[in-house]
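Undergrad: Below is the structure I would like to discuss, written out as structure tokens.
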Amino acid sequence: MVMTEDGLNHSGRKAKAGASPAPSRGTPRPGLPGTASAGAPRWAVRLVAVGLVLAALNLRPAISALGPLLKEVRSDLGMSGTVAGLLTSVPALCFAVFGSLAPRLARRRGPVPVVLAGMVAITAGLALRPLAGGTAAFLAASALALAGIAVSNVLMPVVVKRWFPGRVGAMTGLYSMGLALGTSCAAAVTVPMTSALGGSWRAGLGAWALLGVLAALPWIAVLKDPVSRRAEPAGSAEARAEGGAPEGAFPAPGSRKENVRIRIGTSPTAWALGVFFGLQASAAYIIMGWLPQIFRDAGISASSAGLMLAVTMGMGVPLAFVVPRLAARMRHQGPLVVALGLCGLTGYAGLWLAPAGGAWLWALLLGIANCAFPVALTMISLRSRSSAGVVKLSAFAQSTGYLLSIPGPLLVGALRDAAGGWHAPLLLMTGLLLAQTVTGVLAGRDRVIEDGR
């Protein structure tokens with residue numbers, strides 16, 4: 001059983017006093033303390049940690065940089081509100097479609113080459129998007145970047161579980177913090193950077209491709225280590241090491257035979273986590289895509305609206321490091337989900353009653369509510385005992401979740417056009433947040449998918 005830094009196993013229960021992890025065979029070059037990197041040297045483990053942070057920084061600018069410039073993009077490309085809503089739904093669609101391919105690619109090539117391919121795809125998409133002459137080309141370039149984000153999204157929890165099984169909460173927090181920092185910086189910097197580059201939205205959006213180049217470098221270096229390049233089928237040597245069972249023995253939790261019996265599609269916990277993930281993703285993309293427009297419609301300038309979105313996303317920088325550690329220490333993450341939901345409901349009420357008067361406060365509260373994302377990532381690691389189980393659960397929860405999140409941003413755009421205001425969209429957003437809280441409580445129960453629950 002893999003241990004977290006809190007002394008918890010991944011079913012959330014305390015380990016027996018005096019118990020020690022079973023020794024891993026075939027690991028002559030141990031990684032850093034708290035890691036189980038299947039024989040990877042220390043330099044490779046450190047580079048994976050650096051790559052994890054840089055990848056996280058690179059996974060959201062393609063989305064959050066667009067919100068503050070959406071009005072200019074719509075005007076230049078001739079987008080209606082419904083088409084713009086479709087544009088904000090494209091991330092979820094790409095995450096659902098391409099994210100489901102990540103486990104198969106990782107089994108064939110290993111997670112490191114697939115993450116590197118994801119960084120390359122993000123960079124290419126961001127570089128091509130400013131060259132688009134119409135909506136279709138813009139969507140195609142965005143889809144390329146989002147495909148890279150999709151496979152990387154699914155594999156980040158797998159990378160954490162494989163290289164840092166004793167530090168799940170801390171490394172998930174570090175990754176989530178980088179994700180929030182990249183999101184908030186893109187929202188805050190894009191408008192002034194666009195002005196500095198001549199005022200064209202094309203230059204402002206295209207500049208983020210440089211971050212993609214930087215994010216790819218550590219993963220290129222890690223490929224020099226043959227252990228990191230190794231592609232292992234689910235439940236192979238890594239899983240045997242975790243279970244401490246010799247080859248040919250009765251299957252330990254996480255072994256190949258045990259993983260065959262994991263029926264992810266019939267697990268209530270997997271479904272609850274998938275729906276929770278989808279609803280929080282829907283809320284996040286609605287906020288990233290439409291919150292600046294809500295503020296601008298209330299009379300706030302484009303630069304101020306971008307800064308407020310930056311505040312919303314930036315709240316995840318400190319909280320994303322604290323929240324996963326807190327979630328990992330809890331037997332039931334439901335109370336944490338409820339607290340975050342209440343912050344979101346208060347923020348929506350503020351947008352209804354006084355969108356301009358209390359704009360900074362609403363941005364702050366919605367930023368706290370957005371920390372449901374690192375909670376969901378932590379749950380993925382806690383709801384399975386093995387890396388192989390995390391691969392399955394991560395792919396299922398994220399693909400299912402992102403598929404469910406597609407209608408949200410699209411409906412917000414359509415409702416805004418039909419109603420001519422933001423009250424109807426805010427009612428929809430409130431209903432989605434209530435459902436998110438309920439499913440999050442169900443997903444937070446102290447269970448693992450290997451038990452068929």
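Quick note on naming: the chains in the structure tokens go A, B, ... in the order shown, residues restart at 1 in each chain, and ligands are numbered from 1 in order of appearance.
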Where does region 339-449 of chain A meet region 174-192 of chain A within 9 Å, residue by residue, with the nearest atom pair and distance in Å to one decimal for each, counting only C-alpha atoms, listed by chain and rising number, as a Markdown table?
TA:
| residue | atom | partner | partner_atom | distance |
| --- | --- | --- | --- | --- |
| A:Cys371 | CA | A:Ser176 | CA | 8.9 |
| A:Phe373 | CA | A:Ser176 | CA | 8.2 |
| A:Pro374 | CA | A:Ser176 | CA | 5.9 |
| A:Leu377 | CA | A:Ser176 | CA | 8.6 |
Undergrad: Please report as JSON lines every residue of region 278-388 of chain A lying within 7 Å of region 395-408 of chain A, along with the nearest atom pair and their distance in Å (one decimal), using only C-alpha atoms.
TA:
{"residue": "A:Gly278", "atom": "CA", "partner": "A:Gly401", "partner_atom": "CA", "distance": 3.4}
{"residue": "A:Leu279", "atom": "CA", "partner": "A:Ser405", "partner_atom": "CA", "distance": 6.0}
{"residue": "A:Ala281", "atom": "CA", "partner": "A:Ser405", "partner_atom": "CA", "distance": 6.2}
{"residue": "A:Ser282", "atom": "CA", "partner": "A:Ser405", "partner_atom": "CA", "distance": 4.5}
{"residue": "A:Ile286", "atom": "CA", "partner": "A:Gly408", "partner_atom": "CA", "distance": 6.9}
Undergrad: Just write the chosen residues, all heavy atoms, as an mmCIF file, in the first residue's frame.
TA:
data_model
loop_
_atom_site.group_PDB
_atom_site.id
_atom_site.type_symbol
_atom_site.label_atom_id
_atom_site.label_comp_id
_atom_site.auth_asym_id
_atom_site.auth_seq_id
_atom_site.Cartn_x
_atom_site.Cartn_y
_atom_site.Cartn_z
ATOM 1 N N GLY A 278 -16.730 17.038 -13.700
ATOM 2 C CA GLY A 278 -17.356 17.731 -14.817
ATOM 3 C C GLY A 278 -18.031 19.018 -14.420
ATOM 4 O O GLY A 278 -17.912 20.044 -15.121
ATOM 5 N N LEU A 279 -18.716 19.009 -13.293
ATOM 6 C CA LEU A 279 -19.425 20.211 -12.862
ATOM 7 C C LEU A 279 -18.464 21.308 -12.422
ATOM 8 O O LEU A 279 -18.678 22.493 -12.704
ATOM 9 C CB LEU A 279 -20.412 19.862 -11.749
ATOM 10 C CG LEU A 279 -21.613 19.011 -12.200
ATOM 11 C CD1 LEU A 279 -22.408 18.521 -10.995
ATOM 12 C CD2 LEU A 279 -22.507 19.809 -13.141
ATOM 13 N N ALA A 281 -15.447 21.613 -13.574
ATOM 14 C CA ALA A 281 -14.816 22.082 -14.812
ATOM 15 C C ALA A 281 -15.735 23.033 -15.561
ATOM 16 O O ALA A 281 -15.300 24.061 -16.097
ATOM 17 C CB ALA A 281 -14.449 20.895 -15.700
ATOM 18 N N SER A 282 -17.027 22.708 -15.594
ATOM 19 C CA SER A 282 -17.991 23.585 -16.251
ATOM 20 C C SER A 282 -17.988 24.965 -15.592
ATOM 21 O O SER A 282 -17.942 25.998 -16.275
ATOM 22 C CB SER A 282 -19.395 22.974 -16.183
ATOM 23 O OG SER A 282 -20.331 23.767 -16.868
ATOM 24 N N ILE A 286 -16.793 28.400 -17.455
ATOM 25 C CA ILE A 286 -17.756 29.512 -17.530
ATOM 26 C C ILE A 286 -17.123 30.779 -16.963
ATOM 27 O O ILE A 286 -17.213 31.862 -17.548
ATOM 28 C CB ILE A 286 -19.046 29.158 -16.769
ATOM 29 C CG1 ILE A 286 -19.854 28.108 -17.547
ATOM 30 C CG2 ILE A 286 -19.908 30.404 -16.555
ATOM 31 C CD1 ILE A 286 -21.026 27.539 -16.764
#
Undergrad: Which residues are close to region 331-347 of chain A, i.e. within 8 Å by only C-alpha atoms, leaving aside same-chain residues fewer than 3 positions away? Reply as a compact mmCIF listing (two decimals) with N, CA, C and O atoms, in the first residue's frame.
TA:
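Wrote selection_23.txt, looks like this:
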# COMPACT_ATOMS: atom_id res chain seq x y z
N GLY A 12 -7.56 6.29 2.56
CA GLY A 12 -7.87 7.29 3.56
C GLY A 12 -7.74 6.80 4.98
O GLY A 12 -8.00 7.51 5.92
N ARG A 13 -7.32 5.52 5.21
CA ARG A 13 -7.26 4.99 6.56
C ARG A 13 -5.83 5.02 7.07
O ARG A 13 -4.88 4.93 6.31
N ALA A 327 -7.09 18.18 2.05
CA ALA A 327 -7.96 17.11 1.56
C ALA A 327 -7.35 15.73 1.81
O ALA A 327 -8.06 14.77 2.15
N ALA A 328 -6.01 15.60 1.64
CA ALA A 328 -5.35 14.32 1.83
C ALA A 328 -5.39 13.87 3.29
O ALA A 328 -5.31 12.67 3.58
N GLY A 350 -23.54 37.88 -5.52
CA GLY A 350 -22.98 39.21 -5.68
C GLY A 350 -23.02 39.69 -7.12
O GLY A 350 -23.32 40.86 -7.39
N LEU A 351 -22.73 38.80 -8.06
CA LEU A 351 -22.79 39.16 -9.47
C LEU A 351 -24.22 39.51 -9.89
O LEU A 351 -24.44 40.33 -10.79
N LEU A 361 -14.64 41.63 -4.51
CA LEU A 361 -15.03 40.61 -3.54
C LEU A 361 -15.59 39.38 -4.25
O LEU A 361 -15.26 38.25 -3.88
N TRP A 362 -16.42 39.61 -5.27
CA TRP A 362 -16.99 38.45 -5.98
C TRP A 362 -15.88 37.68 -6.70
O TRP A 362 -15.92 36.44 -6.71
N ALA A 363 -14.92 38.40 -7.25
CA ALA A 363 -13.80 37.73 -7.90
C ALA A 363 -13.02 36.88 -6.90
O ALA A 363 -12.60 35.76 -7.20
N LEU A 365 -14.16 35.52 -4.01
CA LEU A 365 -14.95 34.36 -3.58
C LEU A 365 -15.01 33.29 -4.66
O LEU A 365 -14.94 32.09 -4.36
N LEU A 366 -15.14 33.71 -5.90
CA LEU A 366 -15.18 32.74 -6.99
C LEU A 366 -13.82 32.06 -7.16
O LEU A 366 -13.74 30.89 -7.56
N ILE A 368 -11.87 31.29 -4.62
CA ILE A 368 -11.85 30.26 -3.58
C ILE A 368 -12.68 29.06 -4.04
O ILE A 368 -12.26 27.90 -3.88
N ALA A 369 -13.84 29.32 -4.63
CA ALA A 369 -14.70 28.23 -5.10
C ALA A 369 -14.02 27.39 -6.17
O ALA A 369 -14.23 26.17 -6.25
N ASN A 370 -13.16 28.01 -6.98
CA ASN A 370 -12.46 27.29 -8.03
C ASN A 370 -11.47 26.26 -7.50
O ASN A 370 -10.97 25.43 -8.27
N CYS A 371 -11.17 26.30 -6.22
CA CYS A 371 -10.26 25.31 -5.63
C CYS A 371 -10.91 23.93 -5.51
O CYS A 371 -10.30 23.00 -4.97
N ALA A 372 -12.12 23.78 -6.04
CA ALA A 372 -12.69 22.44 -6.17
C ALA A 372 -11.84 21.61 -7.13
O ALA A 372 -11.84 20.37 -7.03
N VAL A 375 -9.06 19.81 -5.28
CA VAL A 375 -9.72 18.79 -4.45
C VAL A 375 -10.05 17.56 -5.30
O VAL A 375 -9.83 16.42 -4.89
N THR A 430 -25.84 28.80 -10.76
CA THR A 430 -26.16 28.44 -9.38
C THR A 430 -26.64 27.00 -9.29
O THR A 430 -26.23 26.25 -8.39
N LEU A 433 -23.75 24.64 -9.61
CA LEU A 433 -22.90 24.62 -8.42
C LEU A 433 -23.54 23.80 -7.30
O LEU A 433 -22.83 23.10 -6.56
N LEU A 434 -24.85 23.87 -7.16
CA LEU A 434 -25.52 23.05 -6.14
C LEU A 434 -25.34 21.57 -6.45
O LEU A 434 -25.06 20.76 -5.55
N GLN A 436 -22.91 20.28 -8.17
CA GLN A 436 -21.49 20.00 -7.94
C GLN A 436 -21.21 19.68 -6.48
O GLN A 436 -20.46 18.75 -6.16
N THR A 437 -21.82 20.43 -5.59
CA THR A 437 -21.60 20.22 -4.16
C THR A 437 -22.12 18.85 -3.72
O THR A 437 -21.44 18.13 -2.97
N GLY A 440 -19.84 16.15 -5.12
CA GLY A 440 -18.55 16.20 -4.45
C GLY A 440 -18.58 15.54 -3.09
O GLY A 440 -17.61 14.88 -2.68
N VAL A 441 -19.67 15.71 -2.37
CA VAL A 441 -19.83 15.04 -1.07
C VAL A 441 -19.83 13.52 -1.27
O VAL A 441 -19.20 12.77 -0.50
N LEU A 442 -20.52 13.04 -2.30
CA LEU A 442 -20.55 11.60 -2.58
C LEU A 442 -19.17 11.09 -2.99
O LEU A 442 -18.75 10.01 -2.55
N ALA A 443 -18.46 11.84 -3.82
CA ALA A 443 -17.13 11.41 -4.25
C ALA A 443 -16.11 11.45 -3.13
O ALA A 443 -15.10 10.74 -3.18
N GLY A 444 -16.36 12.26 -2.12
CA GLY A 444 -15.40 12.42 -1.04
C GLY A 444 -15.44 11.36 0.03
O GLY A 444 -14.65 11.39 0.97
N ARG A 445 -16.34 10.37 -0.10
CA ARG A 445 -16.44 9.32 0.90
C ARG A 445 -15.19 8.44 0.91
O ARG A 445 -14.52 8.28 -0.11
N ASP A 446 -14.88 7.84 2.06
CA ASP A 446 -13.66 7.07 2.27
C ASP A 446 -13.79 5.71 1.60
O ASP A 446 -14.06 4.70 2.24
Undergrad: Gly133 (chain A): which residues within 9 Å, counting only C-alpha atoms, same-chain residues fewer than 4 positions away excluded, as a PDB file with N, CA and C atoms, in the first residue's frame?
TA:
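Everything below was put into result_21.pdb:
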ATOM      1  N   LEU A  77     -13.337  38.160 -35.945  1.00  0.00           N
ATOM      2  CA  LEU A  77     -13.678  36.931 -36.659  1.00  0.00           C
ATOM      3  C   LEU A  77     -15.168  36.797 -36.940  1.00  0.00           C
ATOM      4  N   ALA A 137     -10.613  28.157 -38.659  1.00  0.00           N
ATOM      5  CA  ALA A 137      -9.167  27.987 -38.473  1.00  0.00           C
ATOM      6  C   ALA A 137      -8.765  28.273 -37.030  1.00  0.00           C
ATOM      7  N   PHE A 138      -9.399  29.274 -36.427  1.00  0.00           N
ATOM      8  CA  PHE A 138      -9.104  29.597 -35.027  1.00  0.00           C
ATOM      9  C   PHE A 138      -9.477  28.414 -34.130  1.00  0.00           C
TER      10      PHE A 138
END
Undergrad: Which residue gives the smallest distance to Val120 (chain A) among A:Val213, A:Leu47, A:Leu426, A:Leu52, with only C-alpha atoms counted?
TA: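 Counting only C-alpha atoms, the residue closest to Val120 (chain A) is A:Val213.
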Undergrad: Please provide the set of residues having any atom within 10 Å of Ala49 (chain A), restricted to only C-alpha atoms, with same-chain residues fewer than 2 positions apart removed, written as a list in words.
TA: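 Listing them by chain and then by number gives Trp43, Ala44, Val45, Arg46, Leu47, Gly51, Leu52, Val53, Leu54, Ala55, Val159, Val160, Trp163, Phe164, Met171, Leu174, Tyr175 and Pro218 of chain A.
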Undergrad: Just want the 12 Å neighbourhood of Pro103 (chain A), counted on only C-alpha atoms, with same-chain residues fewer than 3 positions away dropped. Output as number ranges by chain.
TA: A: 98-100, 106-111, 114-115, 150-159, 231-234, 387-396, 398-399
Undergrad: Given the choices A:Arg325, A:Arg416, A:Arg383, A:Arg447, which gets closest to Thr172 (chain A) if the distance is worked out from only C-alpha atoms?
TA: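 Between A:Arg325, A:Arg416, A:Arg383, A:Arg447, the residue approaching Thr172 (chain A) most closely is A:Arg325.
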Undergrad: Excluding Ile149 (chain A) and residues on its chain fewer than 3 positions from it, collect all residues at most 7 Å away from it, counting only C-alpha atoms, and give them as JSON, numbers by chain.
TA: {"A": [59, 118, 122, 145, 146, 152, 153]}
Undergrad: Which residue out of A:Ser384, A:Thr378, A:Ser304, A:Gln293 has the minimum interatomic distance to Ile264 (chain A) when only C-alpha atoms are used?
TA: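 Using only C-alpha atoms, Ile264 (chain A) sits closest to A:Ser384.
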Undergrad: Between A:Ile294, A:Val317, A:Ala354, A:Val112, which one has atoms that come closest to Val222 (chain A), using only C-alpha atoms?
TA: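 Smallest separation from Val222 (chain A) among the options: A:Val112.
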Undergrad: Which residue is closest to Ser303 (chain A)? Choose from A:Ala221, A:Ala356, A:Met193, A:Ala424 and count only C-alpha atoms.
TA: A:Met193
Undergrad: Between A:Pro292, A:Gly78, A:Gly169, A:Pro113, which has the minimum distance to Met330 (chain A) (counting only C-alpha atoms)?
TA: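 Selected residue with least distance to Met330 (chain A): A:Gly169.
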Undergrad: What is the distance between CA of Gly148 (chain A) and CA of Leu126 (chain A), in Å to one decimal?
TA: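 That distance, rounded to one decimal, is 10.8 Å.
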